[in-house]
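So this block is entry.txt, compact mmCIF, C-alpha atoms:
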```txt
# COMPACT_ATOMS: atom_id res chain seq x y z
CA MET A 1 0.00 0.00 0.00
CA ALA A 2 1.37 3.40 -0.94
CA GLU A 3 2.34 5.70 1.89
CA LYS A 4 0.01 8.60 2.53
CA VAL A 5 1.02 11.97 1.11
CA VAL A 6 2.43 14.32 3.76
CA LEU A 7 2.45 18.11 3.49
CA HIS A 8 4.96 20.23 5.42
CA TYR A 9 3.96 23.85 5.86
CA LEU A 10 2.42 26.31 8.29
CA ASN A 11 -1.16 25.88 9.48
CA GLY A 12 -2.50 28.33 6.95
CA ARG A 13 -3.07 28.89 3.26
CA GLY A 14 0.02 30.41 1.71
CA ARG A 15 1.69 28.55 -1.12
CA MET A 16 0.41 25.18 0.10
CA GLU A 17 -3.30 25.90 -0.32
CA SER A 18 -3.41 25.29 -4.08
CA ILE A 19 -1.70 21.95 -3.44
CA ARG A 20 -4.35 21.04 -0.86
CA TRP A 21 -7.06 21.97 -3.36
CA LEU A 22 -5.58 19.83 -6.13
CA LEU A 23 -5.10 16.80 -3.88
CA ALA A 24 -8.67 17.15 -2.64
CA VAL A 25 -10.04 17.27 -6.20
CA ALA A 26 -7.93 14.21 -7.09
CA GLU A 27 -9.43 12.55 -3.98
CA VAL A 28 -6.00 11.90 -2.49
CA GLU A 29 -5.86 11.64 1.28
CA PHE A 30 -3.01 13.50 2.93
CA ASP A 31 -1.56 14.25 6.34
CA GLU A 32 -0.10 17.57 7.39
CA VAL A 33 2.87 18.49 9.54
CA PHE A 34 2.50 22.10 10.63
CA LEU A 35 5.57 24.24 11.15
CA GLU A 36 5.03 26.29 14.28
CA THR A 37 8.58 27.01 15.44
CA ARG A 38 11.88 28.02 13.89
CA GLU A 39 13.38 24.81 15.30
CA GLN A 40 11.04 22.63 13.20
CA TYR A 41 12.05 24.49 10.06
CA GLU A 42 15.75 24.26 10.90
CA LYS A 43 15.36 20.51 11.48
CA LEU A 44 14.04 20.10 7.91
CA LEU A 45 17.00 22.16 6.69
CA SER A 46 19.57 20.12 8.61
CA ASP A 47 17.98 16.87 7.42
CA GLY A 48 18.49 17.98 3.81
CA ALA A 49 14.75 17.73 3.11
CA LEU A 50 14.47 21.15 1.47
CA MET A 51 16.42 21.37 -1.78
CA PHE A 52 16.37 25.17 -1.93
CA GLN A 53 15.76 25.70 1.79
CA GLN A 54 12.10 26.44 1.13
CA VAL A 55 8.64 25.15 1.90
CA PRO A 56 6.08 23.99 0.91
CA MET A 57 7.45 20.48 0.86
CA VAL A 58 5.37 17.45 -0.06
CA GLU A 59 6.30 13.83 0.57
CA ILE A 60 4.78 11.77 -2.24
CA ASP A 61 5.75 8.56 -4.00
CA GLY A 62 9.01 8.29 -2.08
CA MET A 63 10.07 11.83 -3.00
CA LYS A 64 10.34 15.09 -1.11
CA LEU A 65 9.10 17.66 -3.58
CA ILE A 66 9.52 21.40 -3.20
CA GLN A 67 8.65 24.40 -5.39
CA THR A 68 4.90 24.95 -5.63
CA LYS A 69 4.65 24.81 -9.42
CA ALA A 70 6.69 21.61 -9.61
CA ILE A 71 4.45 20.00 -6.99
CA LEU A 72 1.27 21.10 -8.76
CA ASN A 73 2.61 19.85 -12.09
CA TYR A 74 3.41 16.45 -10.62
CA ILE A 75 0.01 16.03 -9.02
CA ALA A 76 -1.80 17.26 -12.12
CA GLU A 77 0.08 14.88 -14.40
CA LYS A 78 -0.31 11.91 -12.05
CA TYR A 79 -4.06 12.40 -11.67
CA ASN A 80 -4.86 13.43 -15.25
CA LEU A 81 -5.57 17.08 -14.46
CA ASP A 82 -3.11 18.62 -16.92
CA GLY A 83 -4.83 18.37 -20.30
CA LYS A 84 -4.92 15.66 -22.95
CA ASP A 85 -1.86 16.69 -24.99
CA ILE A 86 1.09 19.09 -25.09
CA LYS A 87 -0.98 21.99 -26.48
CA ASP A 88 -3.61 21.56 -23.78
CA ARG A 89 -0.87 21.49 -21.16
CA ALA A 90 0.53 24.77 -22.46
CA MET A 91 -2.91 26.39 -22.08
CA VAL A 92 -3.41 24.86 -18.63
CA ASN A 93 -0.03 26.24 -17.58
CA MET A 94 -0.76 29.72 -18.93
CA TYR A 95 -4.11 29.96 -17.17
CA SER A 96 -2.69 28.52 -13.96
CA GLU A 97 0.27 30.89 -13.88
CA GLY A 98 -1.99 33.88 -14.42
CA VAL A 99 -4.22 32.79 -11.57
CA MET A 100 -1.20 32.18 -9.34
CA ASP A 101 0.10 35.70 -10.04
CA LEU A 102 -3.18 37.12 -8.78
CA MET A 103 -3.41 34.82 -5.76
CA GLU A 104 0.15 35.66 -4.80
CA MET A 105 -0.81 39.33 -4.45
CA ILE A 106 -3.59 38.31 -2.07
CA MET A 107 -1.28 36.00 -0.11
CA LEU A 108 1.18 38.81 0.59
CA LEU A 109 -1.46 41.06 2.17
CA ILE A 110 -0.96 39.38 5.54
CA ILE A 111 2.57 40.77 5.88
CA SER A 112 1.81 44.19 4.40
CA PRO A 113 2.00 47.05 6.92
CA ASP A 114 -0.54 49.04 4.87
CA PRO A 115 -2.82 46.67 2.90
CA LYS A 116 -5.34 49.28 1.63
CA PRO A 117 -3.37 50.44 -1.46
CA LYS A 118 -2.50 46.83 -2.24
CA LEU A 119 -6.17 45.84 -2.01
CA ASP A 120 -7.09 48.60 -4.43
CA ASN A 121 -4.41 47.39 -6.83
CA ILE A 122 -5.56 43.78 -6.58
CA GLU A 123 -9.18 44.71 -7.26
CA SER A 124 -8.20 46.82 -10.24
CA LYS A 125 -5.96 44.16 -11.76
CA ALA A 126 -8.51 41.43 -11.15
CA LYS A 127 -11.23 43.39 -12.95
CA GLU A 128 -9.10 44.76 -15.78
CA ARG A 129 -6.45 42.12 -16.45
CA TYR A 130 -7.39 38.70 -15.12
CA LEU A 131 -11.16 38.17 -14.89
CA PRO A 132 -11.85 39.39 -18.45
CA VAL A 133 -9.56 36.63 -19.77
CA PHE A 134 -11.53 33.94 -17.95
CA GLU A 135 -14.89 35.50 -18.77
CA LYS A 136 -14.02 35.21 -22.46
CA ALA A 137 -12.57 31.70 -22.15
CA LEU A 138 -15.75 30.48 -20.42
CA SER A 139 -18.19 32.03 -22.89
CA GLY A 140 -19.10 28.57 -24.17
CA PRO A 141 -16.99 25.78 -22.70
CA ILE A 142 -17.75 24.22 -19.33
CA TYR A 143 -14.05 23.99 -18.50
CA LEU A 144 -11.12 26.19 -19.45
CA VAL A 145 -9.15 23.71 -21.55
CA GLY A 146 -10.06 20.77 -23.75
CA GLY A 147 -13.55 20.20 -22.41
CA LYS A 148 -12.27 18.46 -19.27
CA LEU A 149 -11.41 19.34 -15.69
CA SER A 150 -7.84 20.51 -15.18
CA ARG A 151 -5.78 22.16 -12.49
CA ALA A 152 -6.43 25.49 -14.23
CA ASP A 153 -10.12 25.12 -13.34
CA VAL A 154 -9.33 24.16 -9.76
CA GLN A 155 -7.01 27.11 -9.28
CA LEU A 156 -9.45 29.53 -10.89
CA LEU A 157 -12.16 28.40 -8.49
CA GLU A 158 -9.80 28.84 -5.55
CA CYS A 159 -8.90 32.31 -6.80
CA THR A 160 -12.51 33.45 -7.31
CA LEU A 161 -13.37 32.43 -3.76
CA MET A 162 -10.36 34.34 -2.44
CA LEU A 163 -11.39 37.41 -4.43
CA GLU A 164 -14.95 37.28 -3.10
CA GLU A 165 -13.63 37.16 0.45
CA LYS A 166 -11.97 40.54 -0.16
CA PHE A 167 -14.42 42.03 -2.68
CA PRO A 168 -17.85 40.36 -2.24
CA GLY A 169 -19.45 41.66 -5.44
CA ILE A 170 -16.46 41.37 -7.73
CA LEU A 171 -17.95 38.70 -10.01
CA ALA A 172 -21.13 40.67 -10.74
CA ASP A 173 -19.76 41.82 -14.10
CA PHE A 174 -18.38 38.39 -14.96
CA PRO A 175 -21.40 36.08 -15.25
CA ASN A 176 -19.55 33.30 -17.06
CA VAL A 177 -16.99 33.12 -14.28
CA LYS A 178 -19.74 33.16 -11.66
CA SER A 179 -21.59 30.33 -13.43
CA PHE A 180 -18.33 28.39 -13.67
CA GLN A 181 -17.83 28.86 -9.94
CA GLY A 182 -21.28 27.45 -9.25
CA ARG A 183 -20.68 24.40 -11.45
CA MET A 184 -17.32 23.70 -9.87
CA THR A 185 -18.64 23.85 -6.32
CA ARG A 186 -21.14 21.12 -7.19
CA ILE A 187 -18.39 18.62 -7.99
CA PRO A 188 -18.60 16.19 -5.04
CA ALA A 189 -14.91 16.31 -4.07
CA ILE A 190 -14.94 20.11 -4.16
CA SER A 191 -18.24 20.35 -2.30
CA GLU A 192 -16.72 18.20 0.43
CA PHE A 193 -13.55 20.29 0.57
CA LEU A 194 -15.64 23.43 1.06
CA GLN A 195 -17.42 22.01 4.10
CA PRO A 196 -16.46 23.02 7.64
CA GLY A 197 -13.94 20.61 9.13
CA SER A 198 -12.13 19.89 5.86
CA LYS A 199 -8.42 20.53 5.38
CA ARG A 200 -9.13 23.77 3.55
CA LYS A 201 -7.61 26.63 5.51
CA GLN A 202 -9.40 29.80 6.53
CA GLN A 203 -8.34 33.35 5.70
CA PRO A 204 -4.99 34.32 7.24
CA ASP A 205 -5.26 35.80 10.72
CA GLU A 206 -2.91 37.21 13.34
CA LYS A 207 -1.98 33.72 14.58
CA TYR A 208 -0.88 32.74 11.08
CA LYS A 209 1.02 36.01 10.70
CA LYS A 210 2.82 35.37 13.98
CA ALA A 211 3.79 31.86 12.81
CA ILE A 212 5.19 33.26 9.54
CA MET A 213 7.34 35.72 11.45
CA GLU A 214 8.50 33.08 13.93
CA VAL A 215 9.30 30.25 11.50
CA PHE A 216 10.90 32.36 8.79
CA GLN A 217 12.34 35.03 11.11
CA ILE A 218 10.63 37.85 9.26
CA LYS A 219 10.66 41.26 10.89
CA LEU A 220 8.00 43.70 9.72
CA PRO A 221 8.52 47.47 9.81
```
If you convert what's in this file into structure tokens, what do you get?
Amino acid sequence: MAEKVVLHYLNGRGRMESIRWLLAVAEVEFDEVFLETREQYEKLLSDGALMFQQVPMVEIDGMKLIQTKAILNYIAEKYNLDGKDIKDRAMVNMYSEGVMDLMEMIMLLIISPDPKPKLDNIESKAKERYLPVFEKALSGPIYLVGGKLSRADVQLLECTLMLEEKFPGILADFPNVKSFQGRMTRIPAISEFLQPGSKRKQQPDEKYKKAIMEVFQIKLP
């Protein structure tokens, strides 16, 4: 029997959350080891578990994978969530990277001393640069690429939910994206992941911010 997948990260969203989402959609059970102290992080470093001295780190199939995109690519390919051919994979990657650029801006809010200007910038870019792309792409198809579920769809759903947490009415002018969101949330594995008590993490709070500063020795101005 294959060993269960193990995720090493803080007890919060960050760069691990998209990995949790993808594993959940693939219906892969996983355990989590939460980093709460600098000592835990330094132990991973001294054990040689972190190739570039970074987390997230995922233990899967006898490997210790790092780098978020590499981990997502591996999971997507293993569980047939990366498109049917090389051209589909290129589209999946383009959509996914765009979504990740937007989500990264939201992720960094927790360590921003003055988030208001950054929020304004995120809302503007979401409405003017990112959401119009997906609104057009979803004008007919059910899924973004090749008529089948891919990691691009999963990450777009994750991103739309993050955006609505910050800007509740942001999808009002993007009906195709809103309809897509509704369809995606009815997929059983996703519906389950959205329920209370799942391994989906809540919005970052002060406890998570404190853990970031402790584990990574970040000092904010």
>> Could you list, as a PyMOL selection string, every residue within 10 Å of segment 206-212 of chain A, counting all atoms listed in the file and ignoring same-chain residues fewer than 2 positions away?
In response: chain A and resi 10-14+35-38+110-111+203-204+214-219
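Minimum atom-to-atom distance to Glu135 of chain A, evaluated using all atoms listed in the file, belongs to A:Ala172 out of A:Leu65, A:Ala172, A:Val33, A:Leu109.
Excluding Lys127 of chain A itself and any same-chain residue fewer than 5 positions from it, the protein and nucleic acid residues within 9 Å of it, counting all atoms listed in the file, are Ile122, Pro132, Ile170, Leu171, Asp173 and Phe174 of chain A.
As for atom CA of Leu138 of chain A and atom CA of Ala76 of chain A, they are spaced 20.9 Å apart.
Distance check against Tyr79 of chain A using all atoms listed in the file: of A:Val25, A:Leu7, A:Thr185, A:Asn176, the minimum falls on A:Val25.
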>> If we count all atoms listed in the file and set the cut-off at 10 Å, which residues sit around Glu59 of chain A, ignoring sequence neighbours fewer than 2 positions away in its own chain? Please answer as an NGL selection string.
In response: :A and (3-8 or 30-31 or 49 or 57 or 61-66 or 71)
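Atom CA of Leu102 of chain A lies 23.7 Å from atom CA of Gly140 of chain A.
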